[in-house]
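Chemist: Following this line is run.pdb, made up of PDB, C-alpha atoms, pLDDT in the B column:
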ATOM      1  CA  MET Y   1      26.210  -1.869   3.511  1.00 91.00           C
ATOM      2  CA  VAL Y   2      23.338  -2.975   1.281  1.00 95.00           C
ATOM      3  CA  LEU Y   3      19.845  -2.339   2.577  1.00 97.00           C
ATOM      4  CA  ARG Y   4      17.056  -4.521   1.264  1.00 97.00           C
ATOM      5  CA  GLN Y   5      13.354  -3.879   1.483  1.00 98.00           C
ATOM      6  CA  VAL Y   6      11.782  -7.013   2.974  1.00 98.00           C
ATOM      7  CA  LEU Y   7       8.332  -7.955   4.201  1.00 98.00           C
ATOM      8  CA  LYS Y   8       7.885  -7.085   7.882  1.00 98.00           C
ATOM      9  CA  SER Y   9       4.129  -7.237   8.517  1.00 98.00           C
ATOM     10  CA  LYS Y  10       1.111  -8.684   6.731  1.00 98.00           C
ATOM     11  CA  ILE Y  11      -2.604  -9.012   7.442  1.00 98.00           C
ATOM     12  CA  HIS Y  12      -3.971 -11.560   4.973  1.00 98.00           C
ATOM     13  CA  ARG Y  13      -7.551 -11.516   3.635  1.00 98.00           C
ATOM     14  CA  ALA Y  14      -8.911  -8.672   5.761  1.00 98.00           C
ATOM     15  CA  THR Y  15     -12.452  -7.557   4.955  1.00 98.00           C
ATOM     16  CA  ILE Y  16     -13.174  -3.879   4.286  1.00 98.00           C
ATOM     17  CA  THR Y  17     -15.681  -2.713   6.911  1.00 98.00           C
ATOM     18  CA  GLU Y  18     -15.884   0.955   5.865  1.00 98.00           C
ATOM     19  CA  ALA Y  19     -14.828   3.280   3.046  1.00 97.00           C
ATOM     20  CA  ASN Y  20     -14.861   6.983   3.982  1.00 96.00           C
ATOM     21  CA  VAL Y  21     -13.896   9.276   1.111  1.00 96.00           C
ATOM     22  CA  ASP Y  22     -14.485  12.419   3.221  1.00 95.00           C
ATOM     23  CA  TYR Y  23     -11.774  11.540   5.753  1.00 91.00           C
ATOM     24  CA  ILE Y  24      -8.328  13.144   5.326  1.00 81.00           C
ATOM     25  CA  GLY Y  25      -6.631   9.885   4.317  1.00 80.00           C
ATOM     26  CA  SER Y  26      -5.157   6.600   5.566  1.00 95.00           C
ATOM     27  CA  ILE Y  27      -6.402   3.174   6.620  1.00 98.00           C
ATOM     28  CA  THR Y  28      -7.890   2.564  10.053  1.00 98.00           C
ATOM     29  CA  ILE Y  29      -6.952  -0.896  11.343  1.00 98.00           C
ATOM     30  CA  ASP Y  30      -8.097  -2.621  14.540  1.00 98.00           C
ATOM     31  CA  ALA Y  31      -5.303  -1.858  17.050  1.00 98.00           C
ATOM     32  CA  ASP Y  32      -5.160  -5.506  18.149  1.00 98.00           C
ATOM     33  CA  LEU Y  33      -4.337  -6.582  14.589  1.00 98.00           C
ATOM     34  CA  MET Y  34      -1.725  -3.843  14.294  1.00 98.00           C
ATOM     35  CA  GLU Y  35      -0.045  -5.091  17.458  1.00 98.00           C
ATOM     36  CA  ARG Y  36      -0.036  -8.704  16.243  1.00 98.00           C
ATOM     37  CA  VAL Y  37       1.854  -7.743  13.064  1.00 98.00           C
ATOM     38  CA  ASP Y  38       4.017  -4.991  14.598  1.00 98.00           C
ATOM     39  CA  LEU Y  39       2.483  -2.040  12.734  1.00 98.00           C
ATOM     40  CA  LEU Y  40       2.808   1.438  14.221  1.00 98.00           C
ATOM     41  CA  PRO Y  41       0.375   4.341  13.798  1.00 98.00           C
ATOM     42  CA  GLY Y  42       1.581   6.425  10.872  1.00 98.00           C
ATOM     43  CA  GLU Y  43       3.539   3.559   9.323  1.00 98.00           C
ATOM     44  CA  LEU Y  44       3.475   3.198   5.532  1.00 98.00           C
ATOM     45  CA  VAL Y  45       1.388   0.243   4.369  1.00 98.00           C
ATOM     46  CA  HIS Y  46       0.570  -1.272   1.005  1.00 98.00           C
ATOM     47  CA  VAL Y  47      -3.020  -2.348   0.410  1.00 98.00           C
ATOM     48  CA  TRP Y  48      -3.746  -4.940  -2.267  1.00 98.00           C
ATOM     49  CA  ASN Y  49      -7.405  -5.488  -3.126  1.00 98.00           C
ATOM     50  CA  LEU Y  50      -7.973  -9.196  -3.778  1.00 98.00           C
ATOM     51  CA  THR Y  51     -11.437  -8.515  -5.209  1.00 96.00           C
ATOM     52  CA  ASN Y  52     -10.650  -5.985  -7.950  1.00 97.00           C
ATOM     53  CA  GLY Y  53      -6.830  -5.885  -8.206  1.00 98.00           C
ATOM     54  CA  GLU Y  54      -6.424  -2.270  -7.047  1.00 97.00           C
ATOM     55  CA  ARG Y  55      -3.166  -1.502  -5.203  1.00 98.00           C
ATOM     56  CA  PHE Y  56      -2.254   1.600  -3.215  1.00 98.00           C
ATOM     57  CA  GLU Y  57      -0.085   2.907  -0.392  1.00 97.00           C
ATOM     58  CA  THR Y  58      -1.239   4.852   2.643  1.00 97.00           C
ATOM     59  CA  TYR Y  59      -0.478   5.069   6.355  1.00 97.00           C
ATOM     60  CA  ALA Y  60      -1.981   3.158   9.271  1.00 98.00           C
ATOM     61  CA  ILE Y  61      -4.197   4.626  11.976  1.00 97.00           C
ATOM     62  CA  ALA Y  62      -5.064   2.514  15.023  1.00 97.00           C
ATOM     63  CA  GLY Y  63      -8.757   1.727  15.341  1.00 97.00           C
ATOM     64  CA  GLU Y  64     -10.576   0.572  18.440  1.00 98.00           C
ATOM     65  CA  PRO Y  65      -9.062  -2.676  19.773  1.00 98.00           C
ATOM     66  CA  GLY Y  66     -11.242  -5.702  19.094  1.00 98.00           C
ATOM     67  CA  SER Y  67     -13.501  -3.789  16.701  1.00 98.00           C
ATOM     68  CA  GLY Y  68     -12.399  -5.594  13.551  1.00 98.00           C
ATOM     69  CA  VAL Y  69     -12.346  -2.264  11.723  1.00 98.00           C
ATOM     70  CA  ILE Y  70     -10.593  -2.036   8.370  1.00 98.00           C
ATOM     71  CA  CYS Y  71     -11.614   1.374   7.019  1.00 98.00           C
ATOM     72  CA  ILE Y  72     -10.122   2.913   3.895  1.00 98.00           C
ATOM     73  CA  ASN Y  73     -10.140   6.698   4.198  1.00 97.00           C
ATOM     74  CA  GLY Y  74      -9.730   9.548   1.729  1.00 96.00           C
ATOM     75  CA  ALA Y  75      -9.322   9.171  -2.028  1.00 94.00           C
ATOM     76  CA  ALA Y  76      -8.312   5.504  -1.696  1.00 96.00           C
ATOM     77  CA  ALA Y  77     -11.869   4.794  -0.508  1.00 97.00           C
ATOM     78  CA  LEU Y  78     -12.827   5.015  -4.190  1.00 96.00           C
ATOM     79  CA  LYS Y  79     -10.658   1.928  -4.866  1.00 97.00           C
ATOM     80  CA  VAL Y  80     -12.578  -0.385  -2.497  1.00 98.00           C
ATOM     81  CA  SER Y  81     -16.072  -1.382  -1.453  1.00 98.00           C
ATOM     82  CA  VAL Y  82     -17.309  -2.649   1.888  1.00 98.00           C
ATOM     83  CA  GLY Y  83     -17.017  -6.442   2.007  1.00 98.00           C
ATOM     84  CA  GLN Y  84     -14.048  -6.705  -0.356  1.00 98.00           C
ATOM     85  CA  LYS Y  85     -10.955  -8.662   0.702  1.00 98.00           C
ATOM     86  CA  VAL Y  86      -7.530  -7.024   0.966  1.00 98.00           C
ATOM     87  CA  ILE Y  87      -3.977  -7.774   1.981  1.00 98.00           C
ATOM     88  CA  ILE Y  88      -2.260  -5.133   4.117  1.00 99.00           C
ATOM     89  CA  ALA Y  89       1.554  -5.269   4.101  1.00 99.00           C
ATOM     90  CA  ALA Y  90       4.475  -3.261   5.446  1.00 98.00           C
ATOM     91  CA  PHE Y  91       8.164  -3.533   4.618  1.00 98.00           C
ATOM     92  CA  ALA Y  92      11.427  -2.719   6.406  1.00 98.00           C
ATOM     93  CA  LEU Y  93      14.806  -1.615   5.097  1.00 98.00           C
ATOM     94  CA  THR Y  94      17.417  -3.862   6.681  1.00 98.00           C
ATOM     95  CA  ASP Y  95      20.778  -5.472   6.115  1.00 97.00           C
ATOM     96  CA  GLU Y  96      19.820  -8.496   8.231  1.00 96.00           C
ATOM     97  CA  PRO Y  97      17.238 -11.236   7.702  1.00 95.00           C
ATOM     98  CA  ILE Y  98      13.994 -10.697   9.596  1.00 96.00           C
ATOM     99  CA  THR Y  99      11.036 -12.934  10.285  1.00 97.00           C
ATOM    100  CA  PRO Y 100       7.861 -11.225   9.128  1.00 98.00           C
ATOM    101  CA  ARG Y 101       4.741 -11.277  11.259  1.00 98.00           C
ATOM    102  CA  ILE Y 102       1.955 -12.564   9.032  1.00 98.00           C
ATOM    103  CA  ILE Y 103      -1.582 -13.226  10.224  1.00 98.00           C
ATOM    104  CA  LEU Y 104      -4.747 -14.642   8.715  1.00 98.00           C
ATOM    105  CA  VAL Y 105      -8.059 -13.121   9.787  1.00 98.00           C
ATOM    106  CA  ASP Y 106     -11.636 -14.360   9.382  1.00 98.00           C
ATOM    107  CA  GLU Y 107     -14.524 -12.577   7.656  1.00 98.00           C
ATOM    108  CA  LYS Y 108     -15.015 -10.328  10.724  1.00 98.00           C
ATOM    109  CA  ASN Y 109     -11.287  -9.486  10.872  1.00 98.00           C
ATOM    110  CA  ARG Y 110     -10.693 -11.585  13.956  1.00 98.00           C
ATOM    111  CA  PHE Y 111      -7.263 -13.172  14.323  1.00 98.00           C
ATOM    112  CA  VAL Y 112      -7.254 -16.808  13.120  1.00 98.00           C
ATOM    113  CA  LYS Y 113      -3.572 -17.780  13.107  1.00 98.00           C
ATOM    114  CA  TYR Y 114      -0.030 -16.789  12.311  1.00 98.00           C
ATOM    115  CA  LEU Y 115       1.205 -17.803   8.853  1.00 97.00           C
ATOM    116  CA  GLN Y 116       4.779 -18.645   7.899  1.00 84.00           C
TER     117      GLN Y 116
END
Rewrite the structure from the file as structure tokens, please.
Modeler:
Amino acid sequence: MVLRQVLKSKIHRATITEANVDYIGSITIDADLMERVDLLPGELVHVWNLTNGERFETYAIAGEPGSGVICINGAAALKVSVGQKVIIAAFALTDEPITPRIILVDEKNRFVKYLQ
């Protein structure tokens, strides 16, 4: 069996609402957005900063549903600034094709539409 790492979940063009260097670590994401893209609390995510090119990995924490929160916590908070745009992505190891859940959000991190 050959396992391939393929895109599973993606939040496109999210806006950073907070950056908290004093928190233990992770990224806090509005729970409604996590549900839309099938992200679980504690799941590994990649964060790609569209504004400055920084890239890092961390784990997801569910924020308050409907809050629009995208908060980078811990040391990674030094790689972002409030208002910057990011892509948040997660991958799965699988031997079967999967259809990723990809969403576009607006400037307040409200769901706009699913992307293909």
Chemist: List every protein, DNA or RNA residue that has at least one atom no more than 12 Å from (-3.7, -3.7, 14.9) in the file's coordinates, counting only C-alpha atoms, and write the result as a tab-separated table (two decimals) with C-alpha atoms, in the coordinates of the input.
Modeler:
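Saved to point.tsv:
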chain	number	residue	atom	x	y	z
Y	9	SER	CA	4.13	-7.24	8.52
Y	10	LYS	CA	1.11	-8.68	6.73
Y	11	ILE	CA	-2.60	-9.01	7.44
Y	14	ALA	CA	-8.91	-8.67	5.76
Y	27	ILE	CA	-6.40	3.17	6.62
Y	28	THR	CA	-7.89	2.56	10.05
Y	29	ILE	CA	-6.95	-0.90	11.34
Y	30	ASP	CA	-8.10	-2.62	14.54
Y	31	ALA	CA	-5.30	-1.86	17.05
Y	32	ASP	CA	-5.16	-5.51	18.15
Y	33	LEU	CA	-4.34	-6.58	14.59
Y	34	MET	CA	-1.72	-3.84	14.29
Y	35	GLU	CA	-0.04	-5.09	17.46
Y	36	ARG	CA	-0.04	-8.70	16.24
Y	37	VAL	CA	1.85	-7.74	13.06
Y	38	ASP	CA	4.02	-4.99	14.60
Y	39	LEU	CA	2.48	-2.04	12.73
Y	40	LEU	CA	2.81	1.44	14.22
Y	41	PRO	CA	0.38	4.34	13.80
Y	43	GLU	CA	3.54	3.56	9.32
Y	60	ALA	CA	-1.98	3.16	9.27
Y	61	ILE	CA	-4.20	4.63	11.98
Y	62	ALA	CA	-5.06	2.51	15.02
Y	63	GLY	CA	-8.76	1.73	15.34
Y	64	GLU	CA	-10.58	0.57	18.44
Y	65	PRO	CA	-9.06	-2.68	19.77
Y	66	GLY	CA	-11.24	-5.70	19.09
Y	67	SER	CA	-13.50	-3.79	16.70
Y	68	GLY	CA	-12.40	-5.59	13.55
Y	69	VAL	CA	-12.35	-2.26	11.72
Y	70	ILE	CA	-10.59	-2.04	8.37
Y	88	ILE	CA	-2.26	-5.13	4.12
Y	101	ARG	CA	4.74	-11.28	11.26
Y	103	ILE	CA	-1.58	-13.23	10.22
Y	105	VAL	CA	-8.06	-13.12	9.79
Y	109	ASN	CA	-11.29	-9.49	10.87
Y	110	ARG	CA	-10.69	-11.58	13.96
Y	111	PHE	CA	-7.26	-13.17	14.32
Chemist: Apply the PyMOL selection byres ((chain Y and resi 76) around 12) to the displayed file and report the matching residues as a PyMOL selection string.
Modeler: chain Y and resi 18-27+46-49+54-59+71-75+77-81
Chemist: Tell me, in Å to one decimal, how far atom CA of Arg13 of chain Y is from atom CA of Val82 of chain Y.
Modeler: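 Computing the Euclidean distance for atom CA of Arg13 of chain Y and atom CA of Val82 of chain Y yields 13.3 Å.
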Chemist: To one decimal place, how far is atom CA of Ala89 of chain Y from atom CA of Val45 of chain Y in Å?
Modeler: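 Between these atoms lies a distance of 5.5 Å.
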Chemist: As JSON, please report the centre and edge lengths, rounded to one decimal in Å, of the axis-aligned box that holds all listed atoms of segment 22-41 of chain Y with 4 Å of padding on each of the six sides.
Modeler:
{"center_x": -5.2, "center_y": 2.2, "center_z": 10.7, "size_x": 26.5, "size_y": 29.8, "size_z": 22.9}
Chemist: As an exercise, work out the distance from atom CA of Gly42 of chain Y to atom CA of Leu7 of chain Y in Å and give it to one decimal place.
Modeler: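 Rounded to one decimal, the two atoms are 17.2 Å apart.
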Chemist: Check which residues satisfy the PyMOL selection byres ((chain Y and resi 91) around 6) in the file shown, then give them as a list in words.
Modeler: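 Selected by the PyMOL selection byres ((chain Y and resi 91) around 6) in this file: Val6, Leu7, Lys8, Ala90 and Ala92 of chain Y.
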Chemist: Starting from the PyMOL selection byres ((chain Y and resi 2) around 9), expand the selection into actual residues of this file and give them as JSON, numbers by chain.
Modeler: {"Y": [1, 3, 4, 94, 95]}
